[in-house]
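Novice: Following this message is one structure expressed as structure tokens.
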Amino acid sequence: MPFSRNATGTLFVGGALSLTLAALAYPSMLGVNTTSSATTRVIANTQWGPLTEGDRDFVVKVRAAGLWEYPVGQLGLKKGTTPAVITASKHLIDGHAALDISCRKISQMLNITIPNVASPQQQGFVSTLTADSGKKFDTDFANILRVTHGSIFNTIAKVRSTTTNTLVRTLADQANATVLDHITVMEQTGLVDFPSVLFQETTPPKLPATDLTPPPPDPGQPQVVLTPPVNSTTKPPALPGEPGFTGSGAGVGNGGTPAPTAG
């Protein structure tokens, strides 16, 4: 059943991953507890290039995305009623497990604190899908994930085209390939209500920053790891200092093939 705009106006948010400046404020080991109004402000000079507020926030967003989409993929394997939804669920798990490997490595190299829990809004998406069943699950699954991935797609392109940090550029390439793959498999379910999705992406409801910001991990809390599936087809790209690194930051998507940059 297609979504109505009224039914989804408070659930879908085009800014689910494309967060506002206020929502991007996130404590980091760099000692920056608040962000300024300029995401281009350099907060650290590293051997891989300057690190800006926007770069740091992007790493946090990539991590937070996996923390809710990976378990949603697991839900899809259990609750999906069509082969296309099952396939899309496998892509979510595979893609975000690979992104998580890169994100955890890069955050350590750049001294960035990353969350262990998704934002309250993102946790709400998981709760909605947990409560769904049958055809409603399939439809909500495809549309929620199509909205959120479509919303972040342009953000990734902007980060990729403007960052001067090699590690962030590599992560942006990988995220671009992954998000494009996930957009594609959601559309291939045949359940995406494109007029509603476009409305949600272009007219997101305004939510408080607290709903959009993942909480920092508790002191001493073990880092959550998104385990790759046994039959994973996605290999994280090599980072500087690792065998195979070319310096181009080429991302690898599902199936192990490079994907073009968005935009």
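Just so we're on the same page: first chain in the structure tokens is A, next is B, and so on; residues restart at 1 for each chain, and ligands are numbered from 1 in the order they show up.
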Do you know which residues are at most 12 Å from Gln47 in chain A counting only C-alpha atoms, after dropping those on the same chain fewer than 5 positions away, and could you put them as a PDB file with N, CA and C atoms, in the first residue's frame?
Specialist:
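Listed below is the output, result.pdb:
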ATOM      1  N   MET A 109      42.337   6.539  13.449  1.00  0.00           N
ATOM      2  CA  MET A 109      43.476   7.242  12.848  1.00  0.00           C
ATOM      3  C   MET A 109      43.338   8.759  12.967  1.00  0.00           C
ATOM      4  N   LEU A 110      42.099   9.244  12.926  1.00  0.00           N
ATOM      5  CA  LEU A 110      41.855  10.685  12.997  1.00  0.00           C
ATOM      6  C   LEU A 110      41.476  11.149  14.397  1.00  0.00           C
ATOM      7  N   THR A 164      39.810  17.651   1.751  1.00  0.00           N
ATOM      8  CA  THR A 164      41.226  17.542   1.391  1.00  0.00           C
ATOM      9  C   THR A 164      41.930  16.511   2.261  1.00  0.00           C
ATOM     10  N   ASN A 165      41.129  15.714   2.984  1.00  0.00           N
ATOM     11  CA  ASN A 165      41.677  14.667   3.834  1.00  0.00           C
ATOM     12  C   ASN A 165      41.560  13.330   3.106  1.00  0.00           C
ATOM     13  N   THR A 166      42.687  12.658   2.916  1.00  0.00           N
ATOM     14  CA  THR A 166      42.718  11.417   2.145  1.00  0.00           C
ATOM     15  C   THR A 166      41.829  10.336   2.745  1.00  0.00           C
ATOM     16  N   LEU A 167      41.809  10.224   4.073  1.00  0.00           N
ATOM     17  CA  LEU A 167      41.008   9.188   4.720  1.00  0.00           C
ATOM     18  C   LEU A 167      39.512   9.448   4.535  1.00  0.00           C
ATOM     19  N   PRO A 240      45.603   4.334   3.603  1.00  0.00           N
ATOM     20  CA  PRO A 240      47.036   4.639   3.563  1.00  0.00           C
ATOM     21  C   PRO A 240      47.825   3.767   4.527  1.00  0.00           C
ATOM     22  N   GLY A 241      48.899   3.193   4.043  1.00  0.00           N
ATOM     23  CA  GLY A 241      49.724   2.309   4.854  1.00  0.00           C
ATOM     24  C   GLY A 241      49.352   0.856   4.729  1.00  0.00           C
TER      25      GLY A 241
END
Novice: Using backbone DSSP assignments, extract all strand (DSSP E) residues from range 2-240 of chain A; output them as JSON, numbers by chain.
Specialist: {"A": [42, 43, 44, 45, 46, 49, 50, 51, 52]}
Novice: For range 107-132 of chain A against range 55-64 of chain A, with a cut-off of 7 Å and counting only C-alpha atoms, what is the closest atom pair and its distance in Å to one decimal for every residue that makes the cut, ordered by chain and number, as a Markdown table?
Specialist:
| residue | atom | partner | partner_atom | distance |
| --- | --- | --- | --- | --- |
| A:Ile112 | CA | A:Arg56 | CA | 6.9 |
| A:Ile114 | CA | A:Val60 | CA | 5.5 |
| A:Pro115 | CA | A:Ala64 | CA | 6.6 |
| A:Val117 | CA | A:Ala64 | CA | 6.9 |
| A:Ala118 | CA | A:Ala64 | CA | 4.9 |
Novice: Have a look at A:Gly124, A:Gly190, A:Pro229, A:Gly66 and name the one nearest to Lys90 in chain A; count only C-alpha atoms.
Specialist: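 Closest residue, counting only C-alpha atoms: A:Pro229.
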Novice: Considering only C-alpha atoms, return as a PyMOL selection string whatever protein or nucleic-acid residues lie within 10 Å of Gln123 in chain A, sequence-local ones (same chain, fewer than 2 positions apart) excluded.
Specialist: chain A and resi 67-69+117-121+125-128+211+214
Novice: To one decimal place in Å, what is the distance between CA of Val185 in chain A and CA of Ala88 in chain A?
Specialist: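 If I compute the distance from CA of Val185 in chain A to CA of Ala88 in chain A, I get 5.3 Å.
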Novice: In Å, with one decimal, what is the gap from CA of Ile106 in chain A to CA of Val147 in chain A?
Specialist: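 Separation between CA of Ile106 in chain A and CA of Val147 in chain A: 26.8 Å.
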Novice: Quick one, how far is CA of Glu201 in chain A from CA of Thr170 in chain A?
Specialist: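 Answer for the CA of Glu201 in chain A to CA of Thr170 in chain A separation: 25.9 Å.
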Novice: My list of candidates is A:Ile101, A:Val72, A:Leu239, A:Ala44. Which is closest to Asp140 in chain A when distances are computed with only C-alpha atoms?
Specialist: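 Closest to Asp140 in chain A of all the choices is A:Val72.
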Novice: With a distance cut-off of 9 Å and only C-alpha atoms, select the neighbouring residues of Phe153 in chain A, excluding the residue or stretch itself and same-chain residues fewer than 2 positions from it, and output the selection as JSON, numbers by chain.
Specialist: {"A": [18, 148, 149, 150, 151, 155, 156, 157, 158, 175, 176, 179, 180, 262, 263]}
Novice: Give the answer as one residue: which of A:Thr39, A:Gln188, A:Thr178, A:Asn231 has the shortest atom-to-atom distance to Ala84 in chain A, using only C-alpha atoms?
Specialist: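 Nearest to Ala84 in chain A: A:Gln188.
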Novice: Using only C-alpha atoms, which residue out of A:Pro219, A:Ala142, A:Leu92, A:Arg169 lies closest to Pro71 in chain A?
Specialist: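 Of the candidates, the smallest distance to Pro71 in chain A is held by A:Leu92.
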Novice: Taking the DSSP secondary structure from the backbone, can you list the residues of range 114-159 of chain A that are alpha helix (DSSP H), as JSON, numbers by chain?
Specialist: {"A": [120, 121, 122, 123, 124, 125, 126, 127, 128, 129, 130, 131, 134, 135, 136, 137, 138, 139, 140, 141, 142, 143, 144, 145, 146, 147, 148, 149, 150, 151, 152, 153, 154, 155, 156, 157, 158, 159]}
Novice: Taking only C-alpha atoms into account, which of A:Lys206, A:Thr40, A:Asp94, A:Lys79 comes nearest Gly54 in chain A?
Specialist: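 Of A:Lys206, A:Thr40, A:Asp94, A:Lys79, the one nearest Gly54 in chain A, counting only C-alpha atoms, is A:Thr40.
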Novice: Determine the nearest neighbour of Thr227 in chain A from the options A:Ala131, A:Ala172, A:Val192, A:Ala97, counting only C-alpha atoms.
Specialist: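 Smallest separation from Thr227 in chain A among the options: A:Ala97.
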